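Asks: So here's my_file.cif, just mmCIF, C-alpha atoms:
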data_data
#
loop_
_atom_site.label_atom_id
_atom_site.label_comp_id
_atom_site.auth_asym_id
_atom_site.auth_seq_id
_atom_site.Cartn_x
_atom_site.Cartn_y
_atom_site.Cartn_z
CA MET X 1 58.25 100.44 147.48
CA THR X 2 57.79 99.69 143.78
CA VAL X 3 60.46 101.24 141.58
CA ILE X 4 59.16 103.95 139.27
CA TYR X 5 60.52 103.18 135.81
CA LEU X 6 61.35 106.28 133.76
CA ASP X 7 63.98 104.73 131.50
CA HIS X 8 61.88 103.72 128.50
CA ASN X 9 64.41 105.16 126.05
CA ALA X 10 66.84 102.52 127.32
CA THR X 11 64.40 99.64 126.93
CA THR X 12 60.70 98.90 127.24
CA PRO X 13 58.82 95.99 128.80
CA VAL X 14 57.26 93.46 126.46
CA LEU X 15 53.54 94.19 126.24
CA PRO X 16 51.32 91.34 127.49
CA GLU X 17 49.60 91.07 124.10
CA VAL X 18 53.00 90.93 122.39
CA PHE X 19 54.15 88.17 124.74
CA GLU X 20 50.95 86.20 124.09
CA ALA X 21 51.47 86.51 120.33
CA MET X 22 55.00 85.16 120.77
CA ARG X 23 54.26 82.35 123.22
CA PRO X 24 53.21 79.58 120.77
CA TRP X 25 56.33 80.05 118.66
CA PHE X 26 58.63 79.08 121.50
CA VAL X 27 57.25 75.60 122.19
CA GLU X 28 54.23 74.53 120.15
CA ARG X 29 55.14 76.00 116.75
CA PHE X 30 58.89 75.67 116.77
CA ALA X 31 59.51 74.65 113.16
CA ASN X 32 62.21 76.16 111.02
CA PRO X 33 60.57 78.66 108.63
CA SER X 34 62.84 77.45 105.84
CA SER X 35 61.40 73.93 106.05
CA SER X 36 58.92 72.89 103.38
CA HIS X 37 56.63 70.78 105.59
CA PRO X 38 53.36 72.29 106.91
CA ALA X 39 54.83 73.38 110.24
CA GLY X 40 57.64 75.23 108.45
CA VAL X 41 55.18 76.83 106.05
CA GLU X 42 53.13 78.00 109.04
CA ALA X 43 56.23 79.61 110.60
CA ARG X 44 57.06 81.32 107.29
CA ALA X 45 53.52 82.68 107.11
CA ALA X 46 53.89 84.13 110.62
CA ILE X 47 57.05 85.95 109.54
CA ASP X 48 55.26 87.27 106.45
CA ARG X 49 52.41 88.64 108.60
CA ALA X 50 54.89 90.36 110.90
CA ARG X 51 56.72 91.81 107.91
CA ALA X 52 53.47 93.37 106.73
CA GLU X 53 52.75 94.76 110.23
CA VAL X 54 56.17 96.39 110.46
CA ALA X 55 55.89 97.81 106.95
CA ALA X 56 52.45 99.29 107.63
CA LEU X 57 53.75 101.32 110.59
CA ILE X 58 56.38 103.13 108.48
CA GLY X 59 54.56 103.44 105.15
CA ALA X 60 56.66 100.78 103.42
CA ARG X 61 55.98 97.62 101.43
CA PRO X 62 56.45 94.25 103.14
CA ASN X 63 59.20 93.22 100.71
CA GLU X 64 61.22 96.25 101.88
CA ILE X 65 61.57 94.94 105.45
CA VAL X 66 64.63 92.87 106.44
CA PHE X 67 64.60 91.35 109.93
CA THR X 68 67.78 91.53 111.99
CA GLY X 69 68.95 90.59 115.47
CA SER X 70 68.93 94.17 116.80
CA GLY X 71 68.80 97.83 115.87
CA THR X 72 72.59 97.97 116.02
CA GLU X 73 72.85 95.15 113.50
CA ALA X 74 70.35 96.92 111.25
CA SER X 75 72.41 100.14 111.31
CA ASN X 76 75.62 98.23 110.57
CA LEU X 77 73.93 96.51 107.65
CA ALA X 78 72.70 99.86 106.36
CA ILE X 79 75.94 101.83 106.68
CA ARG X 80 78.51 99.18 105.87
CA GLY X 81 76.25 97.34 103.43
CA ALA X 82 75.50 100.46 101.35
CA PHE X 83 79.07 101.74 101.27
CA ARG X 84 80.85 101.41 97.91
CA GLY X 85 83.57 103.99 98.39
CA GLY X 86 83.33 107.74 98.90
CA ARG X 87 82.52 109.87 101.92
CA VAL X 88 80.41 109.00 104.97
CA VAL X 89 78.45 111.76 106.71
CA ILE X 90 77.03 111.48 110.23
CA SER X 91 76.26 113.96 113.02
CA ALA X 92 78.04 114.77 116.26
CA VAL X 93 75.20 113.30 118.35
CA GLU X 94 74.84 109.85 116.83
CA HIS X 95 74.35 106.65 118.81
CA PRO X 96 77.37 104.30 118.80
CA ALA X 97 75.36 102.00 116.51
CA THR X 98 75.88 104.63 113.81
CA ARG X 99 79.09 106.28 114.95
CA GLU X 100 81.16 103.10 115.26
CA PRO X 101 80.40 101.69 111.77
CA ALA X 102 81.22 105.13 110.35
CA LEU X 103 84.52 105.22 112.25
CA HIS X 104 85.26 101.69 111.03
CA LEU X 105 84.88 102.86 107.45
CA GLN X 106 87.06 105.87 108.21
CA ARG X 107 89.78 103.54 109.47
CA GLN X 108 89.50 101.72 106.14
CA GLY X 109 90.23 104.99 104.34
CA ALA X 110 86.82 106.59 103.83
CA PRO X 111 86.61 110.36 104.41
CA LEU X 112 84.24 111.16 107.28
CA THR X 113 82.26 114.35 107.78
CA VAL X 114 80.63 115.02 111.15
CA LEU X 115 77.84 117.59 111.14
CA GLY X 116 77.51 119.77 114.23
CA VAL X 117 74.39 120.60 116.22
CA ASP X 118 73.03 123.88 117.53
CA GLY X 119 72.22 124.75 121.12
CA SER X 120 68.82 123.08 120.86
CA GLY X 121 70.41 119.77 119.90
CA ALA X 122 69.27 119.82 116.26
CA ILE X 123 71.70 118.96 113.48
CA VAL X 124 72.80 122.07 111.58
CA VAL X 125 71.80 121.61 107.94
CA PRO X 126 74.61 122.83 105.63
CA ASP X 127 74.04 124.51 102.30
CA ALA X 128 75.29 121.37 100.57
CA LEU X 129 77.10 118.12 101.27
CA PRO X 130 80.45 117.24 99.70
CA SER X 131 80.06 115.93 96.17
CA ASP X 132 81.79 112.66 97.08
CA THR X 133 79.23 111.80 99.80
CA ALA X 134 78.30 108.12 99.48
CA VAL X 135 76.32 107.47 102.67
CA LEU X 136 74.50 109.86 105.00
CA SER X 137 73.43 108.32 108.32
CA VAL X 138 71.62 110.33 110.99
CA MET X 139 69.20 109.56 113.81
CA HIS X 140 65.56 110.55 113.55
CA ALA X 141 65.36 111.39 117.27
CA ASN X 142 68.18 111.73 119.76
CA ASN X 143 68.17 109.06 122.43
CA GLU X 144 69.26 111.46 125.21
CA THR X 145 67.44 114.73 124.51
CA GLY X 146 64.60 113.40 122.37
CA VAL X 147 65.21 116.15 119.80
CA LEU X 148 63.77 115.29 116.39
CA GLN X 149 66.27 115.86 113.62
CA PRO X 150 65.84 117.50 110.18
CA VAL X 151 66.10 114.20 108.34
CA ARG X 152 64.18 115.25 105.24
CA ALA X 153 66.30 118.36 104.63
CA LEU X 154 69.50 116.35 105.05
CA ALA X 155 68.16 113.54 102.86
CA ASP X 156 67.45 115.97 100.04
CA LEU X 157 71.02 117.28 100.20
CA ALA X 158 72.42 113.76 100.28
CA HIS X 159 70.37 112.64 97.30
CA ALA X 160 71.52 115.73 95.40
CA ALA X 161 75.08 114.46 95.97
CA GLY X 162 74.12 110.97 94.81
CA ALA X 163 74.32 109.42 98.28
CA VAL X 164 72.30 106.71 100.02
CA VAL X 165 70.38 107.96 103.08
CA HIS X 166 69.99 106.00 106.32
CA ALA X 167 68.04 107.10 109.40
CA ASP X 168 68.00 105.45 112.80
CA ALA X 169 64.39 105.47 114.03
CA ALA X 170 64.99 103.26 117.08
CA GLN X 171 63.89 106.00 119.47
CA SER X 172 61.14 107.63 117.45
CA LEU X 173 59.10 104.68 116.20
CA GLY X 174 55.95 104.24 118.24
CA LYS X 175 56.25 107.72 119.78
CA VAL X 176 55.78 109.96 116.73
CA PRO X 177 54.68 109.24 113.15
CA VAL X 178 57.46 107.72 111.05
CA ASP X 179 56.91 107.55 107.30
CA VAL X 180 59.81 106.57 105.08
CA GLY X 181 58.39 108.45 102.12
CA ALA X 182 57.96 111.68 104.06
CA LEU X 183 61.46 111.37 105.52
CA GLY X 184 62.96 110.68 102.11
CA VAL X 185 65.18 107.87 103.38
CA ASP X 186 66.50 104.81 101.60
CA LEU X 187 67.22 102.82 104.76
CA LEU X 188 65.69 102.99 108.24
CA THR X 189 66.59 101.18 111.47
CA ILE X 190 64.02 99.67 113.85
CA ALA X 191 64.85 98.23 117.29
CA GLY X 192 62.27 95.91 118.85
CA HIS X 193 63.08 96.49 122.51
CA LYS X 194 62.46 100.25 122.22
CA LEU X 195 58.96 99.47 120.98
CA TYR X 196 57.55 97.03 123.60
CA ALA X 197 58.81 94.03 121.63
CA PRO X 198 61.56 91.75 122.98
CA LYS X 199 65.28 92.33 122.91
CA GLY X 200 67.17 90.48 120.21
CA VAL X 201 65.05 91.48 117.23
CA GLY X 202 65.17 94.46 114.89
CA ALA X 203 64.49 95.38 111.30
CA LEU X 204 65.91 97.42 108.48
CA TYR X 205 63.77 99.13 105.86
CA VAL X 206 65.50 98.84 102.49
CA ARG X 207 63.87 100.88 99.75
CA ASP X 208 63.28 98.98 96.53
CA GLY X 209 66.28 99.41 94.26
CA VAL X 210 68.83 100.07 97.02
CA ALA X 211 71.68 97.56 96.78
CA LEU X 212 73.28 96.26 99.98
CA GLN X 213 76.05 93.81 100.70
CA PRO X 214 75.52 91.52 103.71
CA VAL X 215 77.66 92.17 106.77
CA ILE X 216 77.25 88.58 108.00
CA ARG X 217 77.93 85.74 105.58
CA GLY X 218 75.92 82.56 105.49
CA ALA X 219 72.81 81.15 103.85
CA GLY X 220 70.19 83.09 101.93
CA HIS X 221 67.81 84.16 104.68
CA GLU X 222 66.17 87.60 104.45
CA ARG X 223 66.99 88.00 100.77
CA GLY X 224 70.56 87.03 101.54
CA LEU X 225 71.09 90.16 103.63
CA ARG X 226 70.81 88.60 107.08
CA PRO X 227 71.77 84.93 107.10
CA GLY X 228 70.78 82.76 110.03
CA THR X 229 67.55 80.96 110.92
CA GLU X 230 64.96 83.60 111.70
CA ASN X 231 63.90 84.31 115.28
CA VAL X 232 60.25 83.53 114.60
CA ALA X 233 58.96 84.35 118.09
CA GLY X 234 60.86 87.64 118.23
CA ILE X 235 59.75 88.62 114.73
CA VAL X 236 56.12 87.85 115.58
CA GLY X 237 56.53 89.98 118.69
CA LEU X 238 57.94 92.88 116.70
CA GLY X 239 55.03 92.67 114.29
CA ALA X 240 52.50 92.67 117.14
CA ALA X 241 54.24 95.64 118.79
CA CYS X 242 54.15 97.60 115.52
CA ALA X 243 50.46 96.84 115.08
CA ARG X 244 49.76 98.13 118.60
CA ALA X 245 51.86 101.24 118.03
CA GLY X 246 49.93 102.11 114.92
CA ALA X 247 46.58 101.61 116.62
CA ASP X 248 46.98 104.20 119.38
CA LEU X 249 49.93 106.39 118.39
CA ASP X 250 48.15 109.75 118.60
CA ALA X 251 46.45 109.08 121.94
CA LEU X 252 49.62 107.70 123.53
CA SER X 253 51.75 110.60 122.28
CA ALA X 254 49.30 113.16 123.66
CA ARG X 255 49.19 111.49 127.08
CA LEU X 256 52.95 111.17 127.33
CA GLU X 257 53.49 114.78 126.31
CA GLY X 258 51.08 115.95 129.00
CA GLN X 259 52.82 113.85 131.64
CA ARG X 260 56.23 115.04 130.49
CA GLU X 261 55.19 118.67 130.85
CA ALA X 262 53.68 117.99 134.28
CA LEU X 263 56.97 116.41 135.36
CA TRP X 264 58.94 119.39 134.09
CA ALA X 265 56.63 121.84 135.87
CA ARG X 266 57.13 120.04 139.20
CA LEU X 267 60.91 119.96 138.79
CA ARG X 268 61.05 123.59 137.73
CA ASP X 269 59.01 124.62 140.78
CA GLY X 270 61.05 122.51 143.19
CA VAL X 271 64.64 123.04 142.00
CA PRO X 272 65.88 126.62 141.51
CA GLY X 273 68.04 126.87 138.42
CA VAL X 274 67.06 123.54 136.89
CA ALA X 275 67.39 123.68 133.09
CA ARG X 276 65.99 121.71 130.20
CA ASN X 277 68.26 120.18 127.56
CA GLY X 278 66.88 120.12 124.03
CA ALA X 279 64.35 122.39 122.40
CA GLY X 280 62.05 122.55 119.42
CA ALA X 281 60.43 119.31 118.27
CA VAL X 282 61.11 116.70 120.95
CA LEU X 283 59.81 113.16 121.53
CA PRO X 284 56.66 113.35 123.66
CA ASN X 285 58.02 111.00 126.31
CA THR X 286 61.51 112.44 126.81
CA LEU X 287 62.66 115.02 129.36
CA ASN X 288 66.37 115.74 129.74
CA VAL X 289 67.17 118.16 132.56
CA ARG X 290 70.29 119.31 134.31
CA PHE X 291 70.28 119.90 138.05
CA PRO X 292 72.57 122.68 139.29
CA GLY X 293 75.42 121.91 141.64
CA VAL X 294 75.10 118.13 141.65
CA SER X 295 76.13 115.15 139.56
CA GLY X 296 73.31 113.44 137.73
CA ASN X 297 74.75 110.08 138.70
CA ALA X 298 74.85 111.09 142.38
CA LEU X 299 71.30 112.40 142.17
CA LEU X 300 69.96 109.13 140.77
CA ALA X 301 71.98 107.14 143.31
CA ALA X 302 70.11 109.10 145.98
CA CYS X 303 66.79 107.98 144.41
CA PRO X 304 66.99 104.17 144.64
CA ASP X 305 63.27 103.81 143.90
CA LEU X 306 63.56 105.66 140.59
CA ALA X 307 64.95 104.07 137.43
CA ALA X 308 66.31 106.69 135.05
CA SER X 309 69.63 107.43 133.38
CA THR X 310 72.26 110.01 132.53
CA GLY X 311 74.47 110.43 129.51
CA SER X 312 77.54 110.65 131.72
CA ALA X 313 80.11 107.90 132.03
CA CYS X 314 81.75 106.93 135.33
CA HIS X 315 85.33 105.68 135.30
CA ALA X 316 88.33 105.37 137.58
CA HIS X 317 89.26 109.02 137.21
CA GLY X 318 85.77 110.40 137.81
CA GLU X 319 82.91 111.24 135.49
CA SER X 320 82.84 112.43 131.90
CA ALA X 321 79.89 114.40 130.62
CA SER X 322 77.52 113.34 127.85
CA ALA X 323 79.08 113.86 124.42
CA VAL X 324 75.64 114.87 123.14
CA LEU X 325 75.32 117.73 125.64
CA LEU X 326 78.89 118.84 125.08
CA ALA X 327 78.22 118.98 121.32
CA MET X 328 75.30 121.28 122.10
CA GLY X 329 77.70 123.72 123.75
CA ILE X 330 76.71 122.98 127.35
CA PRO X 331 79.73 123.42 129.67
CA GLU X 332 80.99 120.17 131.15
CA PRO X 333 80.27 121.04 134.81
CA ASP X 334 76.65 121.76 133.89
CA ALA X 335 76.35 118.73 131.62
CA LEU X 336 77.42 116.46 134.47
CA GLY X 337 74.20 117.36 136.26
CA ALA X 338 71.96 116.00 133.49
CA VAL X 339 69.34 113.30 133.97
CA ARG X 340 67.18 111.72 131.26
CA LEU X 341 63.62 110.86 132.28
CA SER X 342 61.78 108.86 129.62
CA LEU X 343 58.14 107.94 130.15
CA GLY X 344 56.21 105.02 128.69
CA ARG X 345 52.90 103.24 128.32
CA SER X 346 52.80 102.17 131.97
CA THR X 347 53.67 105.60 133.42
CA THR X 348 50.87 107.04 135.56
CA ASP X 349 50.20 110.56 136.78
CA ALA X 350 51.03 109.30 140.27
CA ASP X 351 54.40 108.06 138.99
CA VAL X 352 55.14 111.52 137.63
CA ALA X 353 54.31 113.20 140.91
CA GLU X 354 56.29 110.70 142.99
CA ALA X 355 59.33 110.80 140.70
CA ALA X 356 59.41 114.59 140.83
CA ALA X 357 59.14 114.53 144.62
CA MET X 358 62.03 112.05 144.87
CA LEU X 359 64.28 114.14 142.65
CA VAL X 360 63.47 117.42 144.39
CA GLU X 361 64.04 115.90 147.82
CA ALA X 362 67.32 114.27 146.75
CA TRP X 363 68.58 117.50 145.18
CA ASN X 364 67.81 119.43 148.36
CA ARG X 365 69.82 116.87 150.34
CA LEU X 366 72.78 116.86 147.97
CA HIS X 367 72.98 120.46 146.86
CA PRO X 368 74.08 122.11 150.15
CA GLU X 369 76.93 119.60 150.49
CA VAL X 370 78.09 120.23 146.94
CA SER X 371 77.83 123.97 147.41
CA HIS X 372 79.87 123.82 150.62
CA ARG X 373 82.64 121.80 148.98
CA SER X 374 82.83 124.18 146.02
CA ARG X 375 83.47 127.28 148.16
#
Would you mind writing the file's structure down as structure tokens?

Replies:
Amino acid sequence: MTVIYLDHNATTPVLPEVFEAMRPWFVERFANPSSSHPAGVEARAAIDRARAEVAALIGARPNEIVFTGSGTEASNLAIRGAFRGGRVVISAVEHPATREPALHLQRQGAPLTVLGVDGSGAIVVPDALPSDTAVLSVMHANNETGVLQPVRALADLAHAAGAVVHADAAQSLGKVPVDVGALGVDLLTIAGHKLYAPKGVGALYVRDGVALQPVIRGAGHERGLRPGTENVAGIVGLGAACARAGADLDALSARLEGQREALWARLRDGVPGVARNGAGAVLPNTLNVRFPGVSGNALLAACPDLAASTGSACHAHGESASAVLLAMGIPEPDALGAVRLSLGRSTTDADVAEAAAMLVEAWNRLHPEVSHRSR
């Protein structure tokens, strides 16, 4: 049986058209884009076209796009590169790509403020941010629940305090409209492999006038912010993926939202007490649910033909629940039953029906055993 892939928030396949756009740059057009001969000039032109394609998707100018090796690298460049002393502000539900650079700065002596979230998973917007805030970094959409965050409201508060604003759009780009002007951000992270481009390429939007220090030292590539010979094939792929995302964003979002709701309806009908994690504005492809009386990891292990994920971590002493769900106020025993189902371009209505049937059947097999042991 073919595995049903509902883990698109973890990574996406490279689209055939993206792969075809990349193919020549691996073998036939392999020149260094810093070389001055015609082959090098051709490679530089390919990077410039991709830069324009990425910029167009987020309402930016091409010169505001810096290519990186990943979304994580882009976020590190944003947070650590913009920091000049003062306070760093993040949320309690950030991805490690944001949380760890912030904790690194805290270990260097920077005060750190962590904003909480409400029961829906949305960041609670305070009345004001501390006056010494230097960098605010928050995600646009949560990778586990799909909840869209109040970036604009937080950005306005941060700018009022004189801070630089960074948003991580790795999960949202290509699923919902992302416009840097509307969000009010100075810096924005893009991850290629979340967007049907290859792994190993990302980008950072850097608003004109925002000064950054490089995190990696070397030659002067990417305006001196990301030294190292550019990954031409990967960059071309990211550009092609952004062009495709912009071409059919509304239609894709509507289809995914319909499939997501159909999946939820089937699970709700088949599993008494199943609950949905996250509310309000949520990514159209993301469904995070918790199954009563079972571990999410055990449930997925009982569905070998379904690829999905949980936010729980397994270790020698058992499981620990998702930090995101715990921050939302969900009790740990309930949070351990959570499963994230993230749909994508290749997901069919038949996939939705089959995935729901697998999960319902597995829950019915596991739940009586769990209930018996808990008595």

Asks: With distances taken over all atoms listed in the file, which residue among X:Val289, X:Leu157, X:Ala327, X:Ala203 lies nearest Arg226 of chain X?

Replies: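 Checking each candidate against Arg226 of chain X, we get X:Ala203 as the closest.
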
Asks: Nearest to Gly337 of chain X: which of X:Ser91, X:Ser295, X:Thr145, X:Asn32 is it, counting all atoms listed in the file?

Replies: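 Going through X:Ser91, X:Ser295, X:Thr145, X:Asn32 one by one, the smallest distance to Gly337 of chain X is for X:Ser295.
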
Asks: Would you write out, as a ChimeraX atom specification, every residue that the PyMOL selection byres ((chain X and resi 297) around 12) captures in this file?

Replies: /X:290-291,294-296,298-304,307-315,318-322,335-340,359,362-363,366

Asks: Under the PyMOL selection byres ((chain X and resi 239-244) around 10), which residues of this model are included? Write them out as number ranges by chain.

Replies: X: 14-15, 17-22, 46-58, 173-174, 192-193, 195-198, 233-238, 245-249

Asks: With only C-alpha atoms as the basis for distance, which of X:Thr68, X:His8, X:Arg99, X:Glu28 is at the shortest distance from Glu222 of chain X?

Replies: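 Using only C-alpha atoms, the shortest distance to Glu222 of chain X belongs to X:Thr68.
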
Asks: Grab the atom CA of Phe67 of chain X to atom CA of Gly202 of chain X distance for me, in Å with one decimal place.

Replies: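 Going from atom CA of Phe67 of chain X over to atom CA of Gly202 of chain X covers 5.9 Å.
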
Asks: Which residues come within 12 Å of Arg276 of chain X, counting only C-alpha atoms, excluding same-chain residues fewer than 2 positions away, as an NGL selection string?

Replies: :X and (119-121 or 144-147 or 260-261 or 263-265 or 267-268 or 271 or 273-274 or 278-280 or 282 or 286-292 or 325 or 330 or 334-335 or 337-341)

Asks: Pick from X:Arg84, X:Pro111, X:Val89, X:Gly116: nearest to Ala211 of chain X, with all atoms listed in the file counted?

Replies: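 Of all the options, X:Arg84 lies closest to Ala211 of chain X.
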
Asks: Which residue out of X:Gln108, X:Asn277, X:Thr347, X:Ser137 has the minimum interatomic distance to Pro96 of chain X when only C-alpha atoms are used?

Replies: X:Ser137

Asks: So, with all atoms listed in the file as the atoms that count, which of X:His166, X:Arg152, X:Lys199, X:His140 lies closest to Gly69 of chain X?

Replies: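 Comparing X:His166, X:Arg152, X:Lys199, X:His140 against Gly69 of chain X, the winner is X:Lys199.
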
Asks: How far is it from atom CA of Gly209 of chain X to atom CA of Ala169 of chain X, in Å with one decimal?

Replies: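 For atom CA of Gly209 of chain X relative to atom CA of Ala169 of chain X, the distance reads 20.8 Å.
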
Asks: Find the residues near Leu148 of chain X: any atom within 8 Å, counting only C-alpha atoms, skip ones fewer than 6 places away on the same chain, and give them as a list in words.

Replies: Ala122, His140, Ala141, Asn142, Ala281, Val282 and Leu283 of chain X

Asks: Write out, as a JSON list (two decimals), keeping the file's coordinate frame, the residues just selected, with C-alpha atoms.

Replies:
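After the write, again33.json holds the following:
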[["chain", "number", "residue", "atom", "x", "y", "z"],
["X", 122, "ALA", "CA", 69.27, 119.82, 116.26],
["X", 140, "HIS", "CA", 65.56, 110.55, 113.55],
["X", 141, "ALA", "CA", 65.36, 111.39, 117.27],
["X", 142, "ASN", "CA", 68.18, 111.73, 119.76],
["X", 281, "ALA", "CA", 60.43, 119.31, 118.27],
["X", 282, "VAL", "CA", 61.11, 116.70, 120.95],
["X", 283, "LEU", "CA", 59.81, 113.16, 121.53]]

Asks: Could you jot down the atom CA of Asn76 of chain X to atom CA of Thr12 of chain X separation for me, Å, one decimal place?

Replies: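 A separation of 22.4 Å between them.
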
Asks: Ala153 of chain X: which residues within 12 Å, counting all atoms listed in the file, same-chain residues fewer than 2 positions away excluded, as a ChimeraX atom specification?

Replies: /X:123-129,136,138,140,149-151,155-160,165,182-185

Asks: Write the residues you've just listed into a file as a PDB file, in the coordinates of the input, and include C-alpha atoms for each of them.

Replies:
ATOM      1  CA  ILE X 123      71.700 118.960 113.480  1.00  0.00           C
ATOM      2  CA  VAL X 124      72.800 122.070 111.580  1.00  0.00           C
ATOM      3  CA  VAL X 125      71.800 121.610 107.940  1.00  0.00           C
ATOM      4  CA  PRO X 126      74.610 122.830 105.630  1.00  0.00           C
ATOM      5  CA  ASP X 127      74.040 124.510 102.300  1.00  0.00           C
ATOM      6  CA  ALA X 128      75.290 121.370 100.570  1.00  0.00           C
ATOM      7  CA  LEU X 129      77.100 118.120 101.270  1.00  0.00           C
ATOM      8  CA  LEU X 136      74.500 109.860 105.000  1.00  0.00           C
ATOM      9  CA  VAL X 138      71.620 110.330 110.990  1.00  0.00           C
ATOM     10  CA  HIS X 140      65.560 110.550 113.550  1.00  0.00           C
ATOM     11  CA  GLN X 149      66.270 115.860 113.620  1.00  0.00           C
ATOM     12  CA  PRO X 150      65.840 117.500 110.180  1.00  0.00           C
ATOM     13  CA  VAL X 151      66.100 114.200 108.340  1.00  0.00           C
ATOM     14  CA  ALA X 155      68.160 113.540 102.860  1.00  0.00           C
ATOM     15  CA  ASP X 156      67.450 115.970 100.040  1.00  0.00           C
ATOM     16  CA  LEU X 157      71.020 117.280 100.200  1.00  0.00           C
ATOM     17  CA  ALA X 158      72.420 113.760 100.280  1.00  0.00           C
ATOM     18  CA  HIS X 159      70.370 112.640  97.300  1.00  0.00           C
ATOM     19  CA  ALA X 160      71.520 115.730  95.400  1.00  0.00           C
ATOM     20  CA  VAL X 165      70.380 107.960 103.080  1.00  0.00           C
ATOM     21  CA  ALA X 182      57.960 111.680 104.060  1.00  0.00           C
ATOM     22  CA  LEU X 183      61.460 111.370 105.520  1.00  0.00           C
ATOM     23  CA  GLY X 184      62.960 110.680 102.110  1.00  0.00           C
ATOM     24  CA  VAL X 185      65.180 107.870 103.380  1.00  0.00           C
TER      25      VAL X 185
END

Asks: Identify, on the basis of only C-alpha atoms, every residue whose closest approach to Ala78 of chain X does not exceed 9 Å; exclude the query and any residue fewer than 2 positions from it along the same chain; express the result as a PyMOL selection string.

Replies: chain X and resi 73-76+80-83+137+166+187-189+204-206+212-213

Asks: So which residues get picked by the PyMOL selection byres ((chain X and resi 114) around 10) here, written as a list in words?

Replies: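 Output of the PyMOL selection byres ((chain X and resi 114) around 10): Val88, Val89, Ile90, Ser91, Ala92, Val93, Glu94, Arg99, Ala102, Leu112, Thr113, Leu115, Gly116 and Val117 of chain X.
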
Asks: Skipping near chain neighbours, those fewer than 3 positions away, what residues fall within 9 Å of Val360 of chain X using all atoms listed in the file, listed as number ranges by chain?

Replies: X: 266-267, 270-271, 355-357, 363-365
